[in-house]
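Printed here is target_36.pdb (PDB, C-alpha atoms, pLDDT in the B column):
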MODEL        1
ATOM      1  CA  MET A   1       0.218  16.625  13.650  1.00 68.00           C
ATOM      2  CA  ARG A   2      -0.784  12.977  13.365  1.00 75.00           C
ATOM      3  CA  THR A   3      -4.498  12.307  12.914  1.00 83.00           C
ATOM      4  CA  PRO A   4      -6.292   9.316  14.435  1.00 85.00           C
ATOM      5  CA  GLU A   5      -7.279   8.332  10.874  1.00 89.00           C
ATOM      6  CA  ALA A   6      -3.626   8.164   9.830  1.00 84.00           C
ATOM      7  CA  THR A   7      -2.828   5.927  12.784  1.00 84.00           C
ATOM      8  CA  ASP A   8      -5.745   3.642  11.881  1.00 89.00           C
ATOM      9  CA  ARG A   9      -4.579   3.455   8.265  1.00 89.00           C
ATOM     10  CA  VAL A  10      -1.027   2.523   9.204  1.00 86.00           C
ATOM     11  CA  GLN A  11      -2.126  -0.047  11.767  1.00 89.00           C
ATOM     12  CA  LEU A  12      -4.224  -1.714   9.073  1.00 92.00           C
ATOM     13  CA  VAL A  13      -1.315  -1.767   6.625  1.00 89.00           C
ATOM     14  CA  PHE A  14       0.932  -3.279   9.271  1.00 92.00           C
ATOM     15  CA  SER A  15      -1.573  -6.085   9.842  1.00 93.00           C
ATOM     16  CA  LEU A  16      -1.765  -6.743   6.091  1.00 91.00           C
ATOM     17  CA  PHE A  17       2.012  -6.844   5.669  1.00 91.00           C
ATOM     18  CA  ASP A  18       2.383  -9.182   8.663  1.00 94.00           C
ATOM     19  CA  ALA A  19       1.695 -12.189   6.453  1.00 84.00           C
ATOM     20  CA  ASP A  20       2.531 -14.825   9.052  1.00 84.00           C
ATOM     21  CA  GLY A  21       0.667 -13.036  11.840  1.00 88.00           C
ATOM     22  CA  ASN A  22       3.594 -13.129  14.273  1.00 93.00           C
ATOM     23  CA  GLY A  23       3.206  -9.474  15.262  1.00 94.00           C
ATOM     24  CA  CYS A  24       6.415  -8.318  13.547  1.00 94.00           C
ATOM     25  CA  LEU A  25       7.383  -7.485  10.007  1.00 95.00           C
ATOM     26  CA  GLU A  26      10.206  -9.422   8.393  1.00 95.00           C
ATOM     27  CA  ALA A  27      11.643  -9.615   4.876  1.00 94.00           C
ATOM     28  CA  ASP A  28       9.567 -12.711   4.089  1.00 94.00           C
ATOM     29  CA  ASP A  29       6.362 -10.759   4.719  1.00 95.00           C
ATOM     30  CA  PHE A  30       7.227  -8.354   1.901  1.00 94.00           C
ATOM     31  CA  ASP A  31       8.195 -11.185  -0.424  1.00 94.00           C
ATOM     32  CA  LEU A  32       4.837 -12.872   0.203  1.00 94.00           C
ATOM     33  CA  MET A  33       2.961  -9.613  -0.397  1.00 94.00           C
ATOM     34  CA  GLY A  34       4.830  -9.101  -3.645  1.00 95.00           C
ATOM     35  CA  GLU A  35       4.094 -12.632  -4.843  1.00 95.00           C
ATOM     36  CA  ARG A  36       0.373 -12.227  -4.097  1.00 95.00           C
ATOM     37  CA  VAL A  37       0.095  -8.868  -5.838  1.00 96.00           C
ATOM     38  CA  VAL A  38       2.052  -9.950  -8.913  1.00 97.00           C
ATOM     39  CA  ALA A  39      -0.099 -13.085  -9.183  1.00 98.00           C
ATOM     40  CA  ALA A  40      -3.189 -10.849  -9.153  1.00 97.00           C
ATOM     41  CA  ALA A  41      -1.902  -8.931 -12.186  1.00 97.00           C
ATOM     42  CA  PRO A  42      -1.400 -11.592 -14.875  1.00 96.00           C
ATOM     43  CA  LYS A  43      -1.822  -9.077 -17.727  1.00 95.00           C
ATOM     44  CA  ALA A  44       0.852  -6.715 -16.386  1.00 96.00           C
ATOM     45  CA  TYR A  45       4.137  -6.403 -18.194  1.00 95.00           C
ATOM     46  CA  ASP A  46       7.197  -7.950 -16.585  1.00 96.00           C
ATOM     47  CA  ALA A  47       8.704  -4.486 -16.121  1.00 96.00           C
ATOM     48  CA  ALA A  48       5.671  -3.392 -14.069  1.00 96.00           C
ATOM     49  CA  LYS A  49       5.837  -6.565 -11.978  1.00 97.00           C
ATOM     50  CA  ASP A  50       9.561  -6.081 -11.416  1.00 97.00           C
ATOM     51  CA  ALA A  51       8.962  -2.450 -10.397  1.00 97.00           C
ATOM     52  CA  LEU A  52       6.376  -3.502  -7.843  1.00 97.00           C
ATOM     53  CA  LEU A  53       8.651  -6.165  -6.377  1.00 97.00           C
ATOM     54  CA  ALA A  54      11.511  -3.657  -6.246  1.00 97.00           C
ATOM     55  CA  SER A  55       9.292  -1.106  -4.505  1.00 96.00           C
ATOM     56  CA  LEU A  56       8.355  -3.654  -1.847  1.00 96.00           C
ATOM     57  CA  ARG A  57      12.020  -4.555  -1.355  1.00 95.00           C
ATOM     58  CA  ARG A  58      12.807  -0.863  -0.935  1.00 94.00           C
ATOM     59  CA  TYR A  59       9.885  -0.505   1.478  1.00 91.00           C
ATOM     60  CA  TRP A  60      11.416  -3.280   3.580  1.00 93.00           C
ATOM     61  CA  THR A  61      15.007  -2.045   3.353  1.00 93.00           C
ATOM     62  CA  THR A  62      13.915   1.476   4.290  1.00 89.00           C
ATOM     63  CA  LEU A  63      12.130   0.147   7.361  1.00 87.00           C
ATOM     64  CA  LEU A  64      15.138  -1.951   8.266  1.00 89.00           C
ATOM     65  CA  ALA A  65      17.604   0.907   7.816  1.00 88.00           C
ATOM     66  CA  GLU A  66      15.471   3.401   9.708  1.00 84.00           C
ATOM     67  CA  LEU A  67      14.259   1.227  12.548  1.00 82.00           C
ATOM     68  CA  ASP A  68      16.122  -2.001  13.194  1.00 81.00           C
ATOM     69  CA  ALA A  69      18.581  -0.642  15.749  1.00 72.00           C
ATOM     70  CA  ASN A  70      19.192  -4.048  17.343  1.00 77.00           C
ATOM     71  CA  GLY A  71      19.777  -5.784  14.001  1.00 84.00           C
ATOM     72  CA  ASP A  72      17.253  -8.580  14.550  1.00 88.00           C
ATOM     73  CA  GLY A  73      15.636  -8.143  11.106  1.00 91.00           C
ATOM     74  CA  ARG A  74      12.179  -7.510  12.579  1.00 93.00           C
ATOM     75  CA  ILE A  75       9.974  -4.422  12.843  1.00 90.00           C
ATOM     76  CA  SER A  76       7.353  -4.034  15.569  1.00 87.00           C
ATOM     77  CA  PRO A  77       4.020  -2.233  15.096  1.00 87.00           C
ATOM     78  CA  GLU A  78       5.291   0.734  17.121  1.00 81.00           C
ATOM     79  CA  GLU A  79       8.471   1.013  15.070  1.00 80.00           C
ATOM     80  CA  PHE A  80       6.482   0.761  11.842  1.00 82.00           C
ATOM     81  CA  GLU A  81       4.062   3.511  12.795  1.00 78.00           C
ATOM     82  CA  ALA A  82       6.875   5.845  13.798  1.00 72.00           C
ATOM     83  CA  CYS A  83       8.625   5.482  10.444  1.00 70.00           C
ATOM     84  CA  VAL A  84       5.865   5.400   7.865  1.00 69.00           C
ATOM     85  CA  LEU A  85       4.088   8.369   9.386  1.00 71.00           C
ATOM     86  CA  SER A  86       7.278  10.449   9.127  1.00 77.00           C
ATOM     87  CA  PRO A  87       7.293  11.837   5.592  1.00 74.00           C
ATOM     88  CA  GLU A  88      10.868  13.049   5.889  1.00 79.00           C
ATOM     89  CA  ARG A  89      11.981   9.449   6.501  1.00 80.00           C
ATOM     90  CA  PHE A  90       9.647   7.500   4.230  1.00 84.00           C
ATOM     91  CA  GLU A  91       8.233   9.763   1.501  1.00 88.00           C
ATOM     92  CA  ALA A  92      10.506   8.615  -1.353  1.00 91.00           C
ATOM     93  CA  THR A  93       9.794   4.967  -0.528  1.00 91.00           C
ATOM     94  CA  ILE A  94       6.034   5.553  -0.500  1.00 91.00           C
ATOM     95  CA  ASP A  95       6.259   7.453  -3.777  1.00 95.00           C
ATOM     96  CA  GLU A  96       8.040   4.523  -5.442  1.00 96.00           C
ATOM     97  CA  PHE A  97       5.475   2.069  -4.034  1.00 96.00           C
ATOM     98  CA  ALA A  98       2.555   4.294  -5.127  1.00 96.00           C
ATOM     99  CA  ARG A  99       3.852   4.559  -8.684  1.00 97.00           C
ATOM    100  CA  ALA A 100       4.568   0.828  -8.929  1.00 97.00           C
ATOM    101  CA  LEU A 101       1.271  -0.405  -7.469  1.00 97.00           C
ATOM    102  CA  SER A 102      -0.878   1.932  -9.523  1.00 96.00           C
ATOM    103  CA  ALA A 103       1.082   1.175 -12.706  1.00 96.00           C
ATOM    104  CA  ILE A 104       0.786  -2.600 -12.359  1.00 97.00           C
ATOM    105  CA  GLY A 105      -2.985  -2.116 -12.539  1.00 96.00           C
ATOM    106  CA  ASP A 106      -2.678  -0.485 -15.972  1.00 97.00           C
ATOM    107  CA  PRO A 107      -1.495  -3.263 -18.298  1.00 94.00           C
ATOM    108  CA  GLU A 108      -2.817  -1.389 -21.343  1.00 94.00           C
ATOM    109  CA  GLY A 109      -0.666   1.622 -20.507  1.00 95.00           C
ATOM    110  CA  ASP A 110      -3.525   4.034 -21.129  1.00 97.00           C
ATOM    111  CA  GLY A 111      -3.286   5.769 -17.756  1.00 97.00           C
ATOM    112  CA  PHE A 112      -6.345   4.034 -16.273  1.00 98.00           C
ATOM    113  CA  VAL A 113      -7.045   1.109 -13.954  1.00 98.00           C
ATOM    114  CA  ASP A 114     -10.196  -0.895 -14.594  1.00 97.00           C
ATOM    115  CA  ARG A 115     -12.328  -1.829 -11.586  1.00 98.00           C
ATOM    116  CA  PRO A 116     -11.654  -5.602 -11.884  1.00 97.00           C
ATOM    117  CA  ASP A 117      -7.885  -5.025 -11.916  1.00 97.00           C
ATOM    118  CA  PHE A 118      -8.117  -2.622  -8.967  1.00 98.00           C
ATOM    119  CA  VAL A 119     -10.238  -5.059  -6.976  1.00 98.00           C
ATOM    120  CA  ALA A 120      -7.900  -7.965  -7.747  1.00 98.00           C
ATOM    121  CA  LEU A 121      -4.808  -6.046  -6.631  1.00 98.00           C
ATOM    122  CA  MET A 122      -6.372  -4.646  -3.473  1.00 97.00           C
ATOM    123  CA  THR A 123      -7.797  -8.078  -2.602  1.00 97.00           C
ATOM    124  CA  ALA A 124      -4.321  -9.583  -3.041  1.00 96.00           C
ATOM    125  CA  ILE A 125      -3.011  -7.037  -0.551  1.00 95.00           C
ATOM    126  CA  GLY A 126      -5.697  -8.171   1.870  1.00 94.00           C
ATOM    127  CA  PHE A 127      -8.295  -5.429   2.012  1.00 95.00           C
ATOM    128  CA  ARG A 128     -11.991  -6.291   2.342  1.00 95.00           C
ATOM    129  CA  ARG A 129     -14.100  -6.190  -0.814  1.00 96.00           C
ATOM    130  CA  ALA A 130     -16.611  -3.659   0.553  1.00 96.00           C
ATOM    131  CA  ASN A 131     -13.776  -1.311   1.525  1.00 96.00           C
ATOM    132  CA  ILE A 132     -12.124  -1.735  -1.867  1.00 97.00           C
ATOM    133  CA  GLU A 133     -15.357  -0.870  -3.663  1.00 97.00           C
ATOM    134  CA  ALA A 134     -15.888   2.193  -1.452  1.00 97.00           C
ATOM    135  CA  LEU A 135     -12.354   3.359  -2.187  1.00 97.00           C
ATOM    136  CA  PHE A 136     -12.767   2.876  -5.914  1.00 98.00           C
ATOM    137  CA  GLU A 137     -15.953   4.966  -5.839  1.00 97.00           C
ATOM    138  CA  ALA A 138     -14.210   7.660  -3.777  1.00 97.00           C
ATOM    139  CA  PHE A 139     -11.569   7.924  -6.505  1.00 98.00           C
ATOM    140  CA  GLY A 140     -14.314   9.004  -8.946  1.00 97.00           C
ATOM    141  CA  PRO A 141     -14.417   6.387 -11.688  1.00 98.00           C
ATOM    142  CA  VAL A 142     -14.831   7.669 -15.228  1.00 96.00           C
ATOM    143  CA  ALA A 143     -16.526   6.158 -18.270  1.00 93.00           C
ATOM    144  CA  GLY A 144     -15.667   2.496 -18.624  1.00 95.00           C
ATOM    145  CA  ASP A 145     -15.646   2.045 -14.826  1.00 98.00           C
ATOM    146  CA  ARG A 146     -11.997   2.922 -14.367  1.00 98.00           C
ATOM    147  CA  ILE A 147      -9.857   5.348 -12.406  1.00 98.00           C
ATOM    148  CA  ALA A 148      -6.798   7.322 -13.411  1.00 98.00           C
ATOM    149  CA  VAL A 149      -3.457   5.799 -12.446  1.00 98.00           C
ATOM    150  CA  ASP A 150      -2.358   9.200 -11.136  1.00 97.00           C
ATOM    151  CA  VAL A 151      -5.435   9.475  -8.897  1.00 98.00           C
ATOM    152  CA  TRP A 152      -4.706   6.080  -7.351  1.00 98.00           C
ATOM    153  CA  ALA A 153      -1.013   6.874  -6.882  1.00 97.00           C
ATOM    154  CA  GLU A 154      -1.862  10.153  -5.157  1.00 97.00           C
ATOM    155  CA  GLY A 155      -4.396   8.322  -2.994  1.00 97.00           C
ATOM    156  CA  ILE A 156      -1.650   5.931  -1.868  1.00 95.00           C
ATOM    157  CA  ARG A 157       0.644   8.848  -1.017  1.00 94.00           C
ATOM    158  CA  ASP A 158      -2.162  10.531   0.951  1.00 93.00           C
ATOM    159  CA  TYR A 159      -2.784   7.281   2.844  1.00 90.00           C
ATOM    160  CA  TYR A 160       0.626   7.614   4.490  1.00 87.00           C
ATOM    161  CA  ARG A 161       0.403  11.331   5.298  1.00 87.00           C
ATOM    162  CA  PRO A 162       0.126  11.774   9.078  1.00 84.00           C
ATOM    163  CA  GLU A 163      -1.813  15.033   8.881  1.00 87.00           C
ATOM    164  CA  LYS A 164      -4.489  13.737   6.491  1.00 88.00           C
ATOM    165  CA  ALA A 165      -8.049  12.963   7.550  1.00 89.00           C
ATOM    166  CA  GLY A 166     -11.201  12.537   5.515  1.00 92.00           C
ATOM    167  CA  ILE A 167      -9.321  11.139   2.517  1.00 95.00           C
ATOM    168  CA  ALA A 168     -10.425   8.438   0.102  1.00 95.00           C
ATOM    169  CA  GLY A 169      -8.084   5.938   1.781  1.00 94.00           C
ATOM    170  CA  ASP A 170     -10.039   6.188   5.008  1.00 93.00           C
ATOM    171  CA  HIS A 171     -12.616   3.942   3.324  1.00 94.00           C
ATOM    172  CA  LEU A 172     -10.139   1.095   3.754  1.00 94.00           C
ATOM    173  CA  THR A 173     -10.267   1.282   7.543  1.00 92.00           C
ATOM    174  CA  ALA A 174     -14.054   1.521   7.866  1.00 80.00           C
ATOM    175  CA  ASP A 175     -15.379  -1.449   9.860  1.00 75.00           C
ATOM    176  CA  GLY A 176     -11.910  -2.764  10.567  1.00 55.00           C
ATOM    177  CA  GLY A 177     -10.706  -2.785   6.960  1.00 53.00           C
ATOM    178  CA  ARG A 178     -10.123  -6.492   6.591  1.00 53.00           C
TER
ENDMDL
END
Would you mind writing the file's structure down as structure tokens?
Amino acid sequence: MRTPEATDRVQLVFSLFDADGNGCLEADDFDLMGERVVAAAPKAYDAAKDALLASLRRYWTTLLAELDANGDGRISPEEFEACVLSPERFEATIDEFARALSAIGDPEGDGFVDRPDFVALMTAIGFRRANIEALFEAFGPVAGDRIAVDVWAEGIRDYYRPEKAGIAGDHLTADGGR
């Protein structure tokens, strides 16, 4: 069963991906998101940057394959919500995205993301600073003010689960999320 929180989370993500604000998602929106996120991770290895860009391309191609019945190369908010909140249709894509985004925040390769790197990446995506900080705290930072890569990746996966409520990712939608 889909929770209201899951719907709120996905609606926020749609608005962040809609880079040109035209009310539909198109390939260019995902390219712009990728460019912004990669630019926010200057210390990341090229392989991590390439993995993130590839995950965003897959995100787009999965949406297109699953939803663009009329072949116009655009995805509406309703189409988006129907796909990304269907784990059987989108789970592998979200897993790839979760691994790539969390890994790009760990340029040292030690399994942790420092708060400044997390904030920079989440700001590049378009989330509000207060929401980012609340999310980071919800992930339970450890000594050195950092979170485990695996915790962040699992948090991203949870964000797209339609049955989830009361998760760390719900901090991103508080007060409108952006």
Can you check which parts of region 7-38 of chain A lie within 10 Å of region 123-127 of chain A? Per residue, the shortest pair of atoms and distance in Å to one decimal, counting only C-alpha atoms, sorted by chain and number, as a Markdown table.
| residue | atom | partner | partner_atom | distance |
| --- | --- | --- | --- | --- |
| A:Leu12 | CA | A:Phe127 | CA | 9.0 |
| A:Val13 | CA | A:Ile125 | CA | 9.1 |
| A:Ser15 | CA | A:Gly126 | CA | 9.2 |
| A:Leu16 | CA | A:Gly126 | CA | 5.9 |
| A:Phe17 | CA | A:Ile125 | CA | 8.0 |
| A:Ala19 | CA | A:Gly126 | CA | 9.6 |
| A:Leu32 | CA | A:Ile125 | CA | 9.8 |
| A:Met33 | CA | A:Ile125 | CA | 6.5 |
| A:Gly34 | CA | A:Ile125 | CA | 8.7 |
| A:Glu35 | CA | A:Ala124 | CA | 9.1 |
| A:Arg36 | CA | A:Ala124 | CA | 5.5 |
| A:Val37 | CA | A:Ala124 | CA | 5.3 |
| A:Val38 | CA | A:Ala124 | CA | 8.7 |
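Across the structure, CA of Asp20 (chain A) and CA of Leu64 (chain A) are spaced 18.0 Å apart.
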**Request:** Please measure the separation of CA of Phe80 (chain A) and CA of Leu63 (chain A), giving the value in Å to one decimal.
**Result:**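 So the two atoms, CA of Phe80 (chain A) and CA of Leu63 (chain A), lie 7.2 Å apart.
Evaluated against this file, the PyMOL selection byres ((chain A and resi 115) around 9) yields Val113, Asp114, Pro116, Asp117, Phe118, Val119, Ala120, Glu133, Phe136, Pro141, Gly144, Asp145, Arg146 and Ile147 of chain A.
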To test the calculation: enclose all listed atoms of region 146-153 of chain A in a box whose edges run along x, y and z, add 3 Å on each side, then state centre and edge lengths in Å to one decimal, as lines of an AutoDock Vina configuration file.
center_x = -6.5
center_y = 6.2
center_z = -10.6
size_x = 17.0
size_y = 12.6
size_z = 13.5
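In terms of minimum interatomic distance to Glu66 (chain A), A:Ala82 ranks closest within A:Ala39, A:Ala174, A:Ala47, A:Ala82, counting only C-alpha atoms.
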**Near-Ala6 (chain A) list (9 Å; only C-alpha atoms; drop same-chain fewer than 4 positions) as JSON, numbers by chain** = {"A": [2, 10, 11, 85, 159, 160, 161, 162, 163, 164, 165, 170]}
**Request:** Have a look at A:Phe112, A:Ser76, A:Asp95, A:Met122 and name the one nearest to Ala40 (chain A); count only C-alpha atoms.
**Result:**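 Answer, going by the shortest atom-to-atom distance: A:Met122.
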**Prompt:** What does the PyMOL selection byres ((chain A and resi 26) around 8) select in this file, as an MDAnalysis selection string?
**Reply:** chainID A and resid 18 24:25 27:30 60 73:75
**Prompt:** Written as a ChimeraX atom specification, what is the full residue list that the PyMOL selection byres ((chain A and resi 135) around 9) yields on the file shown?
**Reply:** /A:130-134,136-139,168-172
**Prompt:** So which one's closest to Ala48 (chain A), A:Glu96, A:Asp8, A:Glu79, A:Asp31? Using all atoms listed in the file, please.
**Reply:**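 The answer is A:Glu96, which sits nearest to Ala48 (chain A).
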**Message:** When you count all atoms listed in the file, which of these residues is closest to Thr173 (chain A): A:Thr3, A:Asp72, A:Arg9, A:Arg89?
**Reply:**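 Nearest candidate to Thr173 (chain A) out of A:Thr3, A:Asp72, A:Arg9, A:Arg89: A:Arg9.
Here CA of Gly23 (chain A) and CA of Glu81 (chain A) stand 13.2 Å from one another.
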**Prompt:** Skipping near chain neighbours, those fewer than 3 positions away, what residues fall within 9 Å of Ala103 (chain A) using all atoms listed in the file, listed as a list in words?
**Reply:**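 In the requested format, the answer is Ala44, Ala48, Ala51, Leu52, Ala98, Arg99, Ala100, Asp106, Pro107, Gly109, Gly111, Phe112, Val113, Val149, Asp150 and Ala153 of chain A.
Proximity to Tyr45 (chain A) was assessed for A:Glu154, A:Asp68, A:Asp175, A:Glu108 counting only C-alpha atoms; the smallest distance is recorded for A:Glu108.
Comparing the minimum interatomic distances between Ile104 (chain A) and each of A:Ser55, A:Asn70, A:Thr61, A:Ser86, counting all atoms listed in the file, we find that A:Ser55 sits nearest.
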